[in-house]
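Heads up: the structure comes next, in structure tokens.
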Amino acid sequence: MKILKHSLVILFVLLCTAAHTCAAPFDGVRELVSRRAPWLGKHIQFKAMPSSDGGCFTLQTVNKKLLVQATDANAAAVGVNWYLKYYCHRSMSHLGDQLAPVTELPVIDQPVTVKTSSIYRYALNYCTFNYTMSFYDWDDWQWELDWMALNGVNLMLVANGSEAVWQNTLRRMNYSEKEIADFITGPAYNAWWLMGNIEGWGGPMPQSQIDSRKKLVQKMLKRMKSLGIEPLMPGFYGMVPSNLKNKSKAHIIPQGTWGAFTRPDILDPMDPEFDRIAGIFYEETRRLYGSDIRFFSGDPFHEGGATDGVALGDAGRAIQKTMQKYFPESIWVLQGWQDNPKPGLLEKLDKRYVLVQELFGENTNNWETRKGYEGTPFIWATVTNFGERPGINGKLQRFADEVHRASNGEYASYMKGVGILPEGINNNPITYELLLELVWHKDRVDVDQWVESYITARYGRITDDIRTAWKMMLKSIYSSEIGYQEGPPENILCARPALELKSVSSWGRLAKKYDTELYRKAALLFAKAMPQFSDVRTYRIDLIHFLRQVIANDADSVFNAIMTAYQEKDTEKFEKQVSRFLEMIDTENELLAQDPFFRLSTWQQQAKDAGNTAVEKKNNFHNLMMLVTYWGEHIPAEDNLHDYAYKEWAGMMNTYYKDRWMVYFDYQRALLRGETAQAPDYFHWEREWVEKNLHMADDAPRMSLTEIVNKITR
């Protein structure tokens with residue numbers, strides 16, 4: 001009898017465990033609903049369904065409740081989002097949420113089933129962790145992970161807790177605390193450190209911050225697991241401090257400089273020391289973040305790294321072999337960027353455990369010209385923007401066409417999904433939503449039709465003016481016919497002044513290749529809906545963003561008029577156009593001040609709040625202000641990164657950019673008077689401005705939104 005009772009107890013425990021295991025993946029999605037749409041929480045049920053390649057969900061109203069059946073937690077989250085978007089007309093985005101309660105829930109009488117053959121829906125670029133996420137706290141990450149899950153992301157880069165891994169690794173290599181501190185960057189620069197471009201800049205990072213970032217990542221990983229999102233973690237690809245060559249007899253390949261910065265070196269993967277150091281690195285990764293990590297990133301010889309004397313095929317195989325040794329069957333994720341990954345690097349890899357990101361799909365088709373990356377699994381992805389520079393951008397129909405073509409063409413067997421890899425994600429929400437949704441559609445998506453559902457969900461309702469305005473934008477600023485471009489065109493109001501200007505940042509451009517007049521008509525038509533949508537924040541944010549672009553476009557012709565007047569020595573015309581130009585900066589500043597999203601103080605406060613100590617707060621603030629102005633280093637001969645991450649924020653437009661232009665116009669006036677004048681030294685001026693502005697910006701609005709919009713559109 002005792003044996004029978006004991007057996008029954010064991011059986012009961014096993015059944016309970018099995019039931020919990022089955023239900024647990026959906027607990028995370030249920031909690032997501034409670035956080036973002038609590039009005040839906042009591043009216044939704046979840047049920048597991050048999051798994052399939054890619055994922056599947058079914059929606060149906062049963063007993064007055066929405067029943068979401070799904071193959072896994074991630075598919076369940078997509079199902080929730082599908083219902084919110086296509087039935088409730090609700091949405092989340094990095095430019096505002098529109099999740100107001102729906103009083104009467106829509107009924108789905110017949111089951112609606114949606115499938116995807118996509119294995120991976122990937123998100124984030126190393127750079128996103130700095131241009132957008134340098135100072136995220138747990139609330140920010142909760143929102144971010146909820147958005148990722150709702151949009152079907154099931155693989156996401158996690159790059160903000162590597163400081164602790166490297167600190168522990170270097171301690172075991174007998175590095176001093178000072179040497180370790182000199183290697184690890186500040187909180188706004190860890191992307192370029194992990195990519196092997198820089199060391200130490202923006203640091204030192206206090207121990208309290210290294211510890212808090214570690215705990216934050218541990219918390220993130222737990223939440224990600226509940227939402228069906230796997231982490232992509234930094235792997236060991238040979239990057240070592242540049243001073244290791246002074247400490248070790250191993251074969252270390254100097255990597256020289258990246259602009260003004262000293263690069264970390266590369267430890268030859270064929271050297272016996274590689275396996276030892278990699279082992280320490282992976283042991284520390286496992287100890288801090290778990291043994292169930294399946295994906296690792298790492299691109300050796302990134303952006304101009306030296307490969308002299310390296311047999312790439314053997315090196316790649318050695319990197320993968322060590323990775324597999326400590327994390328069996330883990331997958332090495334490589335960036336398809338320019339000629340990376342080099343064919344030689346892929347040659348000897350076990351391609352079952354490799355995934356290439358077609359990084360720049362808005363312009364390239366390397367997946368095709370390289371025959372599926374020489375027969376390697378890949379995902380189709382876009383960068384969309386660089387430096388999180390502002391501007392409206394996205395070749396939306398190209399996204400749809402290329403994903404469909406890659407999924408159904410000659411190399412379809414290697415096409416494993418899609419990805420969003422923006423350098424900054426606080427922009428152009430339509431691009432990310434569209435790209436991640438494409439793989440849940442069997443047929444080619446016509447964006448002209450798809451956009452109707454998008455804008456209805458974004459604003460909660462739609463009008464003819466808004467519909468027409470968006471259709472005009474698809475034919476102009478969101479056109480796929482623009483040709484090659486790296487992110488959106490730039491705003492001359494934010495440029496470092498010069499007589500001739502082609503760009504704001506070194507690799508950007510000012511030229512607008514789309515129909516700017518059609519775009520203007522679209523933006524002004526969109527503005528006509530303001531009386532009906534003044535209470536909808538997503539509409540207000542888009543209105544500010546669209547009109548900001550109108551001002552930026554108009555500024556090009558005003559600048560040209562200034563330069564013409566200067567060359568003709570027409571001082572009256574010069575002063576008139578200069579006055580117009582500076583007034584445009586003030587007008588844009590007031591427009592941007594209308595919402596906290598576009599204010600410098602918002603991001604300054606985020607940087608301060610992310611600090612746990614006075615030292616952290618001060619360094620966070622300084623890191624932010626450097627990043628969005630001169631970026632880094634103090635070597636005038638290597639000044640290519642200034643304004644790479646420029647921002648159109650209230651509090652910067654009327655101080656940093658306007659003041660810089662005023663210095664230039666004073667210089668031009670002196671020359672027009674025939675005086676001998678020294679050209680402004682912007683290199684030092686920008687650094688002095690940062691040091692003088694390490695305080696909260698005064699960027700509150702002085703006018704109402706209606707007043708400033710009327711001023712712009714009249």
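Residues in the structure tokens are named by chain (A, B, ... in the order shown) and by number from 1 within that chain; ligands are numbered from 1 in the order shown.
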Shell of 9 Å around segment 345-361 of chain A, only C-alpha atoms, local chain residues under 5 positions omitted, as a VMD selection string: chain A and resid 311 to 318 320 to 321 329 to 338 340 366 to 367 373 to 384 398 to 399 402 416 418 to 421
Residues of segment 277-391 of chain A in strand (DSSP E or B), written as a PyMOL selection string: chain A and resi 295-297+331-337+340+354-358+378-382
Which residues, written as an NGL selection string, have at least one atom at most 9 Å from Pro106 of chain A, with only C-alpha atoms counted and residues fewer than 5 positions away on the same chain left out? :A and (61 or 83 or 87-88)
Residue with smallest distance to Lys214 of chain A - pool A:Gly161, A:Gly200, A:Pro272, A:Gly409, counting only C-alpha atoms: A:Gly161
If DSSP is run on the backbone, what residues of segment 160-198 of chain A are alpha helix (DSSP H)? A reply as a PDB file with N, CA, C and O atoms, in the first residue's frame would be ideal.
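For reference, part.pdb as written:
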```pdb
ATOM      1  N   SER A 162      28.749  42.617 -20.880  1.00  0.00           N
ATOM      2  CA  SER A 162      30.026  41.969 -21.172  1.00  0.00           C
ATOM      3  C   SER A 162      31.172  42.487 -20.322  1.00  0.00           C
ATOM      4  O   SER A 162      32.237  41.856 -20.256  1.00  0.00           O
ATOM      5  N   GLU A 163      30.967  43.643 -19.674  1.00  0.00           N
ATOM      6  CA  GLU A 163      32.034  44.207 -18.858  1.00  0.00           C
ATOM      7  C   GLU A 163      32.445  43.237 -17.748  1.00  0.00           C
ATOM      8  O   GLU A 163      33.634  43.051 -17.476  1.00  0.00           O
ATOM      9  N   ALA A 164      31.449  42.608 -17.123  1.00  0.00           N
ATOM     10  CA  ALA A 164      31.750  41.684 -16.022  1.00  0.00           C
ATOM     11  C   ALA A 164      32.479  40.444 -16.531  1.00  0.00           C
ATOM     12  O   ALA A 164      33.389  39.922 -15.865  1.00  0.00           O
ATOM     13  N   VAL A 165      32.085  39.963 -17.721  1.00  0.00           N
ATOM     14  CA  VAL A 165      32.761  38.798 -18.301  1.00  0.00           C
ATOM     15  C   VAL A 165      34.230  39.121 -18.555  1.00  0.00           C
ATOM     16  O   VAL A 165      35.134  38.351 -18.190  1.00  0.00           O
ATOM     17  N   TRP A 166      34.487  40.258 -19.184  1.00  0.00           N
ATOM     18  CA  TRP A 166      35.856  40.635 -19.504  1.00  0.00           C
ATOM     19  C   TRP A 166      36.663  40.950 -18.241  1.00  0.00           C
ATOM     20  O   TRP A 166      37.856  40.627 -18.159  1.00  0.00           O
ATOM     21  N   GLN A 167      36.032  41.565 -17.266  1.00  0.00           N
ATOM     22  CA  GLN A 167      36.739  41.854 -16.022  1.00  0.00           C
ATOM     23  C   GLN A 167      37.213  40.565 -15.359  1.00  0.00           C
ATOM     24  O   GLN A 167      38.379  40.440 -14.963  1.00  0.00           O
ATOM     25  N   ASN A 168      36.328  39.596 -15.263  1.00  0.00           N
ATOM     26  CA  ASN A 168      36.698  38.318 -14.649  1.00  0.00           C
ATOM     27  C   ASN A 168      37.740  37.572 -15.474  1.00  0.00           C
ATOM     28  O   ASN A 168      38.656  36.941 -14.931  1.00  0.00           O
ATOM     29  N   THR A 169      37.589  37.648 -16.793  1.00  0.00           N
ATOM     30  CA  THR A 169      38.558  36.983 -17.673  1.00  0.00           C
ATOM     31  C   THR A 169      39.952  37.575 -17.493  1.00  0.00           C
ATOM     32  O   THR A 169      40.946  36.843 -17.343  1.00  0.00           O
ATOM     33  N   LEU A 170      40.047  38.885 -17.511  1.00  0.00           N
ATOM     34  CA  LEU A 170      41.353  39.539 -17.404  1.00  0.00           C
ATOM     35  C   LEU A 170      41.956  39.380 -16.016  1.00  0.00           C
ATOM     36  O   LEU A 170      43.183  39.300 -15.872  1.00  0.00           O
ATOM     37  N   ARG A 171      41.132  39.309 -15.002  1.00  0.00           N
ATOM     38  CA  ARG A 171      41.659  39.036 -13.660  1.00  0.00           C
ATOM     39  C   ARG A 171      42.338  37.671 -13.633  1.00  0.00           C
ATOM     40  O   ARG A 171      43.415  37.518 -13.038  1.00  0.00           O
ATOM     41  N   ARG A 172      41.718  36.702 -14.301  1.00  0.00           N
ATOM     42  CA  ARG A 172      42.310  35.367 -14.341  1.00  0.00           C
ATOM     43  C   ARG A 172      43.560  35.320 -15.224  1.00  0.00           C
ATOM     44  O   ARG A 172      44.337  34.375 -15.156  1.00  0.00           O
ATOM     45  N   GLU A 177      43.858  45.801 -11.814  1.00  0.00           N
ATOM     46  CA  GLU A 177      42.565  46.488 -11.878  1.00  0.00           C
ATOM     47  C   GLU A 177      42.669  47.738 -12.743  1.00  0.00           C
ATOM     48  O   GLU A 177      41.724  48.081 -13.471  1.00  0.00           O
ATOM     49  N   LYS A 178      43.807  48.421 -12.686  1.00  0.00           N
ATOM     50  CA  LYS A 178      44.001  49.609 -13.523  1.00  0.00           C
ATOM     51  C   LYS A 178      44.030  49.236 -14.999  1.00  0.00           C
ATOM     52  O   LYS A 178      43.427  49.920 -15.847  1.00  0.00           O
ATOM     53  N   GLU A 179      44.694  48.156 -15.345  1.00  0.00           N
ATOM     54  CA  GLU A 179      44.752  47.721 -16.743  1.00  0.00           C
ATOM     55  C   GLU A 179      43.373  47.317 -17.246  1.00  0.00           C
ATOM     56  O   GLU A 179      43.009  47.592 -18.398  1.00  0.00           O
ATOM     57  N   ILE A 180      42.603  46.670 -16.393  1.00  0.00           N
ATOM     58  CA  ILE A 180      41.246  46.270 -16.778  1.00  0.00           C
ATOM     59  C   ILE A 180      40.380  47.505 -16.998  1.00  0.00           C
ATOM     60  O   ILE A 180      39.639  47.602 -17.990  1.00  0.00           O
ATOM     61  N   ALA A 181      40.475  48.468 -16.085  1.00  0.00           N
ATOM     62  CA  ALA A 181      39.690  49.697 -16.202  1.00  0.00           C
ATOM     63  C   ALA A 181      40.046  50.466 -17.470  1.00  0.00           C
ATOM     64  O   ALA A 181      39.184  51.089 -18.102  1.00  0.00           O
ATOM     65  N   ASP A 182      41.318  50.411 -17.873  1.00  0.00           N
ATOM     66  CA  ASP A 182      41.756  51.113 -19.077  1.00  0.00           C
ATOM     67  C   ASP A 182      41.272  50.424 -20.357  1.00  0.00           C
ATOM     68  O   ASP A 182      41.276  51.043 -21.429  1.00  0.00           O
ATOM     69  N   PHE A 183      40.881  49.167 -20.241  1.00  0.00           N
ATOM     70  CA  PHE A 183      40.423  48.400 -21.402  1.00  0.00           C
ATOM     71  C   PHE A 183      38.920  48.575 -21.630  1.00  0.00           C
ATOM     72  O   PHE A 183      38.456  48.737 -22.761  1.00  0.00           O
ATOM     73  N   ASN A 190      30.343  50.851 -25.429  1.00  0.00           N
ATOM     74  CA  ASN A 190      30.727  49.432 -25.382  1.00  0.00           C
ATOM     75  C   ASN A 190      30.528  48.716 -26.717  1.00  0.00           C
ATOM     76  O   ASN A 190      31.142  47.687 -26.971  1.00  0.00           O
ATOM     77  N   ALA A 191      29.690  49.256 -27.611  1.00  0.00           N
ATOM     78  CA  ALA A 191      29.475  48.613 -28.915  1.00  0.00           C
ATOM     79  C   ALA A 191      30.776  48.506 -29.696  1.00  0.00           C
ATOM     80  O   ALA A 191      31.129  47.440 -30.216  1.00  0.00           O
ATOM     81  N   TRP A 192      31.510  49.604 -29.769  1.00  0.00           N
ATOM     82  CA  TRP A 192      32.719  49.634 -30.614  1.00  0.00           C
ATOM     83  C   TRP A 192      33.871  48.919 -29.927  1.00  0.00           C
ATOM     84  O   TRP A 192      34.795  48.462 -30.593  1.00  0.00           O
ATOM     85  N   TRP A 193      33.815  48.821 -28.640  1.00  0.00           N
ATOM     86  CA  TRP A 193      34.772  47.998 -27.892  1.00  0.00           C
ATOM     87  C   TRP A 193      34.546  46.532 -28.229  1.00  0.00           C
ATOM     88  O   TRP A 193      35.478  45.804 -28.612  1.00  0.00           O
ATOM     89  N   LEU A 194      33.305  46.076 -28.131  1.00  0.00           N
ATOM     90  CA  LEU A 194      33.011  44.664 -28.386  1.00  0.00           C
ATOM     91  C   LEU A 194      33.218  44.288 -29.852  1.00  0.00           C
ATOM     92  O   LEU A 194      33.462  43.120 -30.160  1.00  0.00           O
TER      93      LEU A 194
END
```
